[in-house]
>>> print(open('my_file15.txt').read())   # compact mmCIF, C-alpha atoms (C1' of nucleotides)
# COMPACT_ATOMS: atom_id res chain seq x y z
CA MET A 297 -54.05 -73.60 -36.22
CA PRO A 298 -51.92 -76.70 -35.70
CA ARG A 299 -48.31 -76.00 -34.97
CA ARG A 300 -47.29 -79.20 -36.75
CA LYS A 301 -48.71 -80.97 -39.72
CA VAL A 302 -50.92 -83.90 -38.80
CA ASN A 303 -49.89 -87.24 -40.24
CA ILE A 304 -52.72 -89.77 -40.20
CA ASN A 305 -50.25 -92.62 -40.26
CA ARG A 306 -48.44 -91.39 -37.18
CA VAL A 307 -51.69 -90.48 -35.46
CA PHE A 308 -53.07 -94.00 -35.66
CA HIS A 309 -49.74 -95.49 -34.75
CA ALA A 310 -49.56 -93.20 -31.72
CA LEU A 311 -53.09 -94.12 -30.64
CA GLY A 312 -52.29 -97.81 -31.04
CA ASP A 313 -50.44 -97.81 -27.71
CA ALA A 314 -52.48 -98.01 -24.51
CA THR A 315 -50.08 -95.85 -22.51
CA ARG A 316 -50.24 -93.10 -25.09
CA ARG A 317 -54.02 -93.26 -25.13
CA ALA A 318 -53.93 -92.89 -21.36
CA ILE A 319 -51.78 -89.80 -21.83
CA VAL A 320 -54.23 -88.40 -24.38
CA GLU A 321 -57.09 -89.09 -21.98
CA LYS A 322 -55.30 -87.14 -19.28
CA LEU A 323 -54.41 -84.31 -21.63
CA SER A 324 -57.97 -83.96 -22.84
CA GLU A 325 -58.81 -82.78 -19.32
CA GLY A 326 -56.30 -79.97 -19.68
CA PRO A 327 -52.60 -79.12 -20.01
CA ILE A 328 -50.18 -80.79 -17.64
CA SER A 329 -46.44 -81.24 -17.09
CA VAL A 330 -44.49 -84.33 -18.11
CA SER A 331 -43.76 -85.35 -14.52
CA ARG A 332 -47.41 -85.03 -13.49
CA LEU A 333 -48.33 -87.11 -16.53
CA ALA A 334 -45.83 -89.72 -15.38
CA LYS A 335 -47.08 -89.97 -11.81
CA PRO A 336 -50.02 -92.38 -12.33
CA LEU A 337 -48.15 -94.39 -14.98
CA ASP A 338 -45.96 -97.28 -13.90
CA ILE A 339 -43.00 -96.34 -16.07
CA THR A 340 -39.99 -94.05 -15.79
CA LEU A 341 -40.08 -90.37 -16.65
CA ALA A 342 -37.77 -91.07 -19.59
CA ALA A 343 -40.29 -93.53 -21.02
CA VAL A 344 -43.12 -91.02 -20.62
CA LEU A 345 -41.06 -88.42 -22.40
CA GLN A 346 -40.57 -90.80 -25.30
CA HIS A 347 -44.32 -91.30 -25.54
CA VAL A 348 -44.89 -87.56 -25.42
CA GLN A 349 -42.40 -87.08 -28.23
CA ILE A 350 -44.20 -89.65 -30.37
CA LEU A 351 -47.51 -87.93 -29.65
CA GLU A 352 -45.98 -84.60 -30.56
CA GLU A 353 -44.50 -85.90 -33.82
CA SER A 354 -47.91 -87.27 -34.75
CA GLY A 355 -49.45 -83.85 -34.25
CA LEU A 356 -51.77 -85.02 -31.47
CA VAL A 357 -50.00 -83.04 -28.79
CA HIS A 358 -48.11 -79.79 -28.48
CA THR A 359 -45.54 -79.14 -25.78
CA GLU A 360 -43.78 -76.06 -24.59
CA LYS A 361 -41.02 -75.59 -22.07
CA THR A 362 -41.06 -72.80 -19.53
CA GLY A 363 -38.27 -72.82 -17.01
CA ARG A 364 -37.56 -76.44 -16.25
CA VAL A 365 -41.15 -77.58 -16.80
CA ARG A 366 -42.43 -78.91 -20.11
CA THR A 367 -46.17 -78.45 -20.38
CA CYS A 368 -48.15 -80.74 -22.69
CA ARG A 369 -51.50 -79.94 -24.21
CA MET A 370 -53.83 -81.53 -26.76
CA GLU A 371 -53.71 -80.47 -30.37
CA PRO A 372 -57.30 -81.25 -31.36
CA ALA A 373 -56.55 -81.35 -35.09
CA GLY A 374 -54.79 -84.69 -34.62
CA LEU A 375 -57.82 -86.41 -33.15
CA SER A 376 -60.03 -84.78 -35.75
CA ALA A 377 -57.95 -86.31 -38.52
CA ALA A 378 -58.41 -89.77 -37.05
CA GLU A 379 -62.09 -89.17 -36.50
CA GLN A 380 -62.49 -88.09 -40.08
CA TRP A 381 -60.72 -91.13 -41.45
CA ILE A 382 -63.12 -93.31 -39.51
CA GLY A 383 -66.07 -91.20 -40.61
CA ASP A 384 -65.01 -91.58 -44.23
CA ARG A 385 -64.98 -95.35 -43.88
CA ARG A 386 -68.44 -95.28 -42.38
CA LEU A 387 -69.60 -93.09 -45.23
CA PHE A 388 -68.49 -95.66 -47.80
CA TRP A 389 -70.10 -98.36 -45.76
CA GLU A 390 -73.41 -96.56 -45.52
CA GLN A 391 -73.46 -95.55 -49.18
CA ARG A 392 -72.97 -99.17 -50.06
CA LEU A 393 -75.84 -100.23 -47.82
CA ASP A 394 -78.01 -97.58 -49.45
CA ARG A 395 -77.31 -98.92 -52.93
CA LEU A 396 -77.96 -102.41 -51.64
CA GLY A 397 -81.23 -101.27 -50.13
CA ASP A 398 -82.28 -99.69 -53.42
CA LEU A 399 -81.69 -102.97 -55.21
CA LEU A 400 -83.63 -104.97 -52.67
CA ALA A 401 -86.49 -102.48 -52.59
CA GLU A 402 -87.11 -102.76 -56.32
CA PRO A 403 -90.85 -103.38 -56.72
CA ASP A 404 -90.46 -105.45 -59.88
CA GLU A 405 -92.50 -108.51 -59.03
CA ASP A 406 -95.38 -109.46 -61.26
CA MET B 117 -75.28 -107.11 -33.48
CA PRO B 118 -71.52 -107.71 -33.50
CA ARG B 119 -70.52 -111.36 -33.73
CA ARG B 120 -67.50 -110.70 -31.53
CA LYS B 121 -66.99 -108.37 -28.63
CA VAL B 122 -65.19 -105.18 -29.61
CA ASN B 123 -62.03 -104.44 -27.67
CA ILE B 124 -60.98 -100.81 -27.92
CA ASN B 125 -57.39 -101.73 -27.18
CA ARG B 126 -57.22 -104.22 -30.03
CA VAL B 127 -59.13 -101.91 -32.34
CA PHE B 128 -56.62 -99.08 -32.00
CA HIS B 129 -53.72 -101.47 -32.18
CA ALA B 130 -55.17 -102.96 -35.38
CA LEU B 131 -55.68 -99.52 -36.92
CA GLY B 132 -52.11 -98.55 -36.00
CA ASP B 133 -50.78 -100.52 -38.95
CA ALA B 134 -50.93 -98.93 -42.41
CA THR B 135 -51.49 -102.21 -44.23
CA ARG B 136 -54.43 -103.05 -42.00
CA ARG B 137 -55.92 -99.61 -42.55
CA ALA B 138 -55.59 -100.19 -46.29
CA ILE B 139 -57.50 -103.44 -45.81
CA VAL B 140 -60.20 -101.63 -43.84
CA GLU B 141 -60.42 -99.00 -46.57
CA LYS B 142 -60.95 -101.71 -49.14
CA LEU B 143 -63.48 -103.55 -47.00
CA SER B 144 -65.50 -100.42 -46.38
CA GLU B 145 -66.33 -100.50 -50.10
CA GLY B 146 -67.84 -103.94 -49.67
CA PRO B 147 -67.08 -107.59 -48.84
CA ILE B 148 -64.18 -109.23 -50.63
CA SER B 149 -62.12 -112.42 -50.55
CA VAL B 150 -58.70 -112.70 -48.93
CA SER B 151 -56.88 -113.24 -52.22
CA ARG B 152 -58.55 -110.23 -53.84
CA LEU B 153 -57.60 -108.22 -50.78
CA ALA B 154 -54.01 -109.37 -51.23
CA LYS B 155 -53.73 -108.48 -54.92
CA PRO B 156 -52.92 -104.74 -54.60
CA LEU B 157 -50.78 -105.28 -51.51
CA ASP B 158 -47.09 -106.03 -51.91
CA ILE B 159 -47.02 -108.90 -49.45
CA THR B 160 -47.77 -112.63 -49.52
CA LEU B 161 -51.21 -114.09 -49.06
CA ALA B 162 -50.09 -115.59 -45.76
CA ALA B 163 -49.19 -112.12 -44.47
CA VAL B 164 -52.55 -110.73 -45.55
CA LEU B 165 -54.29 -113.56 -43.75
CA GLN B 166 -52.41 -112.67 -40.57
CA HIS B 167 -53.60 -109.07 -40.85
CA VAL B 168 -57.16 -110.23 -41.46
CA GLN B 169 -56.98 -112.40 -38.36
CA ILE B 170 -55.82 -109.47 -36.26
CA LEU B 171 -58.64 -107.34 -37.66
CA GLU B 172 -61.10 -110.10 -36.89
CA GLU B 173 -59.84 -110.52 -33.32
CA SER B 174 -60.24 -106.80 -32.79
CA GLY B 175 -63.86 -106.99 -33.87
CA LEU B 176 -63.36 -104.66 -36.84
CA VAL B 177 -63.94 -107.36 -39.42
CA HIS B 178 -65.97 -110.51 -39.75
CA THR B 179 -65.02 -113.36 -42.08
CA GLU B 180 -66.82 -116.40 -43.31
CA LYS B 181 -65.65 -119.30 -45.44
CA THR B 182 -67.77 -120.74 -48.22
CA GLY B 183 -66.18 -123.45 -50.31
CA ARG B 184 -62.52 -122.54 -50.56
CA VAL B 185 -63.13 -118.78 -50.45
CA ARG B 186 -63.00 -116.76 -47.24
CA THR B 187 -65.03 -113.58 -47.57
CA CYS B 188 -64.20 -110.60 -45.36
CA ARG B 189 -66.59 -107.81 -44.47
CA MET B 190 -66.55 -104.81 -42.16
CA GLU B 191 -68.06 -105.04 -38.71
CA PRO B 192 -69.04 -101.39 -38.21
CA ALA B 193 -69.23 -101.66 -34.42
CA GLY B 194 -65.44 -101.78 -34.25
CA LEU B 195 -64.95 -98.46 -36.00
CA SER B 196 -67.78 -96.94 -33.98
CA ALA B 197 -65.99 -97.85 -30.76
CA ALA B 198 -62.86 -96.03 -31.91
CA GLU B 199 -64.89 -93.08 -33.13
CA GLN B 200 -66.62 -92.85 -29.80
CA TRP B 201 -63.37 -92.92 -27.85
CA ILE B 202 -62.14 -90.01 -29.93
CA GLY B 203 -65.45 -88.21 -29.56
CA ASP B 204 -65.28 -88.60 -25.79
CA ARG B 205 -61.83 -86.99 -25.76
CA ARG B 206 -63.11 -84.09 -27.81
CA LEU B 207 -66.03 -83.73 -25.44
CA PHE B 208 -63.71 -83.33 -22.47
CA TRP B 209 -61.63 -80.90 -24.45
CA GLU B 210 -64.60 -78.78 -25.43
CA GLN B 211 -66.13 -78.81 -21.96
CA ARG B 212 -62.83 -77.55 -20.63
CA LEU B 213 -62.72 -74.76 -23.19
CA ASP B 214 -66.28 -73.84 -22.26
CA ARG B 215 -65.43 -73.50 -18.59
CA LEU B 216 -62.37 -71.51 -19.55
CA GLY B 217 -64.48 -69.30 -21.77
CA ASP B 218 -66.97 -68.68 -18.98
CA LEU B 219 -64.21 -67.50 -16.72
CA LEU B 220 -62.75 -65.18 -19.31
CA ALA B 221 -66.07 -63.90 -20.64
CA GLU B 222 -67.50 -62.31 -17.52
CA PRO B 223 -65.01 -60.43 -15.36
CA ASP B 224 -67.67 -58.17 -13.79
CA GLU B 225 -71.10 -59.55 -14.34
CA ASP B 226 -73.98 -60.42 -12.00
C1' DT C 122 -23.85 -71.67 -3.08
C1' DG C 123 -25.61 -76.16 -2.80
C1' DG C 124 -29.16 -79.36 -3.09
C1' DA C 125 -33.44 -80.68 -5.10
C1' DT C 126 -36.43 -80.71 -9.11
C1' DA C 127 -37.61 -81.47 -13.90
C1' DC C 128 -36.37 -82.89 -17.59
C1' DT C 129 -32.94 -84.66 -21.52
C1' DT C 130 -29.98 -87.80 -24.02
C1' DA C 131 -27.75 -92.00 -25.22
C1' DA C 132 -27.16 -96.65 -25.07
C1' DG C 133 -28.69 -100.99 -24.50
C1' DT C 134 -32.16 -104.90 -23.52
C1' DC C 135 -35.92 -107.61 -24.64
C1' DA C 136 -40.47 -108.82 -26.35
C1' DG C 137 -43.53 -108.31 -29.89
C1' DT C 138 -44.63 -107.82 -34.76
C1' DA C 139 -44.54 -108.04 -39.85
C1' DC C 140 -43.17 -110.77 -43.03
C1' DT C 141 -41.35 -114.84 -45.49
C1' DT C 142 -40.91 -119.69 -46.89
C1' DG C 143 -42.47 -124.16 -47.51
C1' DA C 144 -45.38 -127.82 -46.75
C1' DC C 145 -50.20 -128.85 -46.36
C1' DT C 146 -55.56 -129.32 -47.05
C1' DA C 147 -59.75 -128.61 -49.40
C1' DA C 148 -62.65 -127.13 -53.24
C1' DT C 149 -63.33 -126.76 -58.05
C1' DA C 150 -62.47 -126.66 -63.18
C1' DG C 151 -61.14 -129.27 -67.26
C1' DC D 115 -58.62 -138.04 -62.03
C1' DT D 116 -55.32 -134.14 -62.22
C1' DA D 117 -54.17 -129.45 -62.06
C1' DT D 118 -55.27 -125.24 -60.30
C1' DT D 119 -57.07 -122.14 -57.04
C1' DA D 120 -57.66 -120.44 -52.35
C1' DG D 121 -56.53 -120.64 -48.14
C1' DT D 122 -54.06 -122.58 -43.77
C1' DC D 123 -50.30 -123.65 -40.55
C1' DA D 124 -45.79 -123.60 -38.49
C1' DA D 125 -41.32 -122.10 -38.23
C1' DG D 126 -38.01 -118.86 -38.58
C1' DT D 127 -35.93 -114.13 -39.44
C1' DA D 128 -35.31 -109.35 -39.14
C1' DC D 129 -36.85 -105.30 -37.39
C1' DT D 130 -39.42 -102.21 -34.44
C1' DG D 131 -40.81 -100.42 -30.34
C1' DA D 132 -41.38 -99.92 -25.25
C1' DC D 133 -38.76 -99.69 -21.58
C1' DT D 134 -34.70 -99.21 -18.51
C1' DT D 135 -30.43 -97.28 -16.60
C1' DA D 136 -27.17 -93.92 -16.08
C1' DA D 137 -25.09 -89.74 -16.75
C1' DG D 138 -25.89 -84.98 -18.00
C1' DT D 139 -28.08 -80.05 -18.21
C1' DA D 140 -30.87 -76.34 -16.70
C1' DT D 141 -33.81 -74.13 -13.30
C1' DC D 142 -35.44 -73.09 -8.85
C1' DC D 143 -35.39 -72.61 -3.82
C1' DA D 144 -33.47 -71.84 0.77
>>> encode(input="my_file15.txt", output="structure tokens")
Amino acid sequence: MPRRKVNINRVFHALGDATRRAIVEKLSEGPISVSRLAKPLDITLAAVLQHVQILEESGLVHTEKTGRVRTCRMEPAGLSAAEQWIGDRRLFWEQRLDRLGDLLAEPDED
Amino acid sequence: MPRRKVNINRVFHALGDATRRAIVEKLSEGPISVSRLAKPLDITLAAVLQHVQILEESGLVHTEKTGRVRTCRMEPAGLSAAEQWIGDRRLFWEQRLDRLGDLLAEPDED
DNA sequence: TGGATACTTAAGTCAGTACTTGACTAATAG
DNA sequence: CTATTAGTCAAGTACTGACTTAAGTATCCA
């Protein structure tokens, strides 16, 4: 159950940034703190936090603070929403090709 | 075979814009001219053209000019690349859950 | 208690992006 | 041939978005 409603608009916007995709890649290996997320990235902790917030608002990521550490984890529903949007497009595309194929396959020569 | 190399970075960036996703939605129903693409959108033709160019550079869309009409069509490889990136993330996520499940499932077996 | 750690917040900078306008070219219909 | 249609190009503007710095809070450790 997602803790926050997924917004497809925000999800795609969030994934549009390479740094945020790098964060998602890291998070898909498992939960991790903000500062450990920041370590391999060449930007300040404050900047990483901003990215994390955007990811959280999109519904892709959930975070939780325990003591002074904020732990980030994937919220798979966000990615699923994006995947489904893409899948829907492919569905349209394939249905269209099917109809096209039907037309071309018509055995109506004489 | 894609006419242009797909760049995952550009693909996600292109999909990050709502207007461009609307264009992709329209194109997934079938090829269409730039001006017909522009009609339902509340922006100028020039702006639409700019979006189409970005989509083309990302490898999501292919366009071709015949006479004075430029026809745009989907290039499915672009969407597939994005879908695969997402799928890969989910794979990592699920593998992690599996390992976690294994640990939790058998406290005193063997 | 005091210093280090892990964020958090606010403000500001700067580049990139979406969009417009206006002038232009090329194809096509009357 | 002329008018219209369809797109193209080049500036220019306004806004957004990524990033930084700097100062602040809360927690943890010795």
>>> interface_residues(input="my_file15.txt", of="chain A", to="chain D", cutoff="7 Å", atoms="all atoms listed in the file", output="NGL selection string")
:A and (343 or 363-364)
>>> closest_atom_pairs(input="my_file15.txt", of="chain A", to="chain C", cutoff="12 Å", atoms="all atoms listed in the file", output="CSV")
residue,atom,partner,partner_atom,distance
A:Ser329,CA,C:DA127,C1',9.4
A:Val330,CA,C:DC128,C1',8.3
A:Ser331,CA,C:DA127,C1',7.3
A:Arg332,CA,C:DA127,C1',10.4
A:Ala334,CA,C:DA127,C1',11.7
A:Thr340,CA,C:DC128,C1',11.9
A:Leu341,CA,C:DC128,C1',8.4
A:Ala342,CA,C:DT129,C1',8.3
A:Ala343,CA,C:DT129,C1',11.5
A:Val344,CA,C:DC128,C1',11.0
A:Leu345,CA,C:DC128,C1',8.7
A:Gln346,CA,C:DT129,C1',10.5
A:Gln349,CA,C:DT129,C1',11.8
A:Lys361,CA,C:DC128,C1',9.7
A:Thr362,CA,C:DA127,C1',10.9
A:Gly363,CA,C:DA127,C1',9.2
A:Arg364,CA,C:DA127,C1',5.6
A:Val365,CA,C:DA127,C1',6.0
A:Arg366,CA,C:DC128,C1',7.7
A:Thr367,CA,C:DC128,C1',11.1
>>> atom_distance(input="my_file15.txt", atom1="atom CA of B:Ser144", atom2="atom CA of A:Ala318")
28.6 Å
>>> interface_residues(input="my_file15.txt", of="chain B", to="chain A", cutoff="8 Å", atoms="all atoms listed in the file", output="list of chain:residue names")
B:Asn125, B:Phe128, B:His129, B:Ala130, B:Leu131, B:Gly132, B:Asp133, B:Ala134, B:Val140, B:Glu141, B:Ser144, B:Glu145, B:Gly146, B:Pro192, B:Leu195, B:Glu199, B:Ile202, B:Gly203, B:Arg205, B:Arg206, B:Phe208, B:Trp209, B:Arg212
>>> atom_distance(input="my_file15.txt", atom1="atom CA of B:Glu173", atom2="atom CA of B:Leu153")
17.8 Å
>>> calpha_fit_rmsd(input="my_file15.txt", fixed="chain A", moving="chain B")
1.4 Å
>>> atom_distance(input="my_file15.txt", atom1="atom CA of A:Lys301", atom2="atom CA of B:Ala193")
29.6 Å
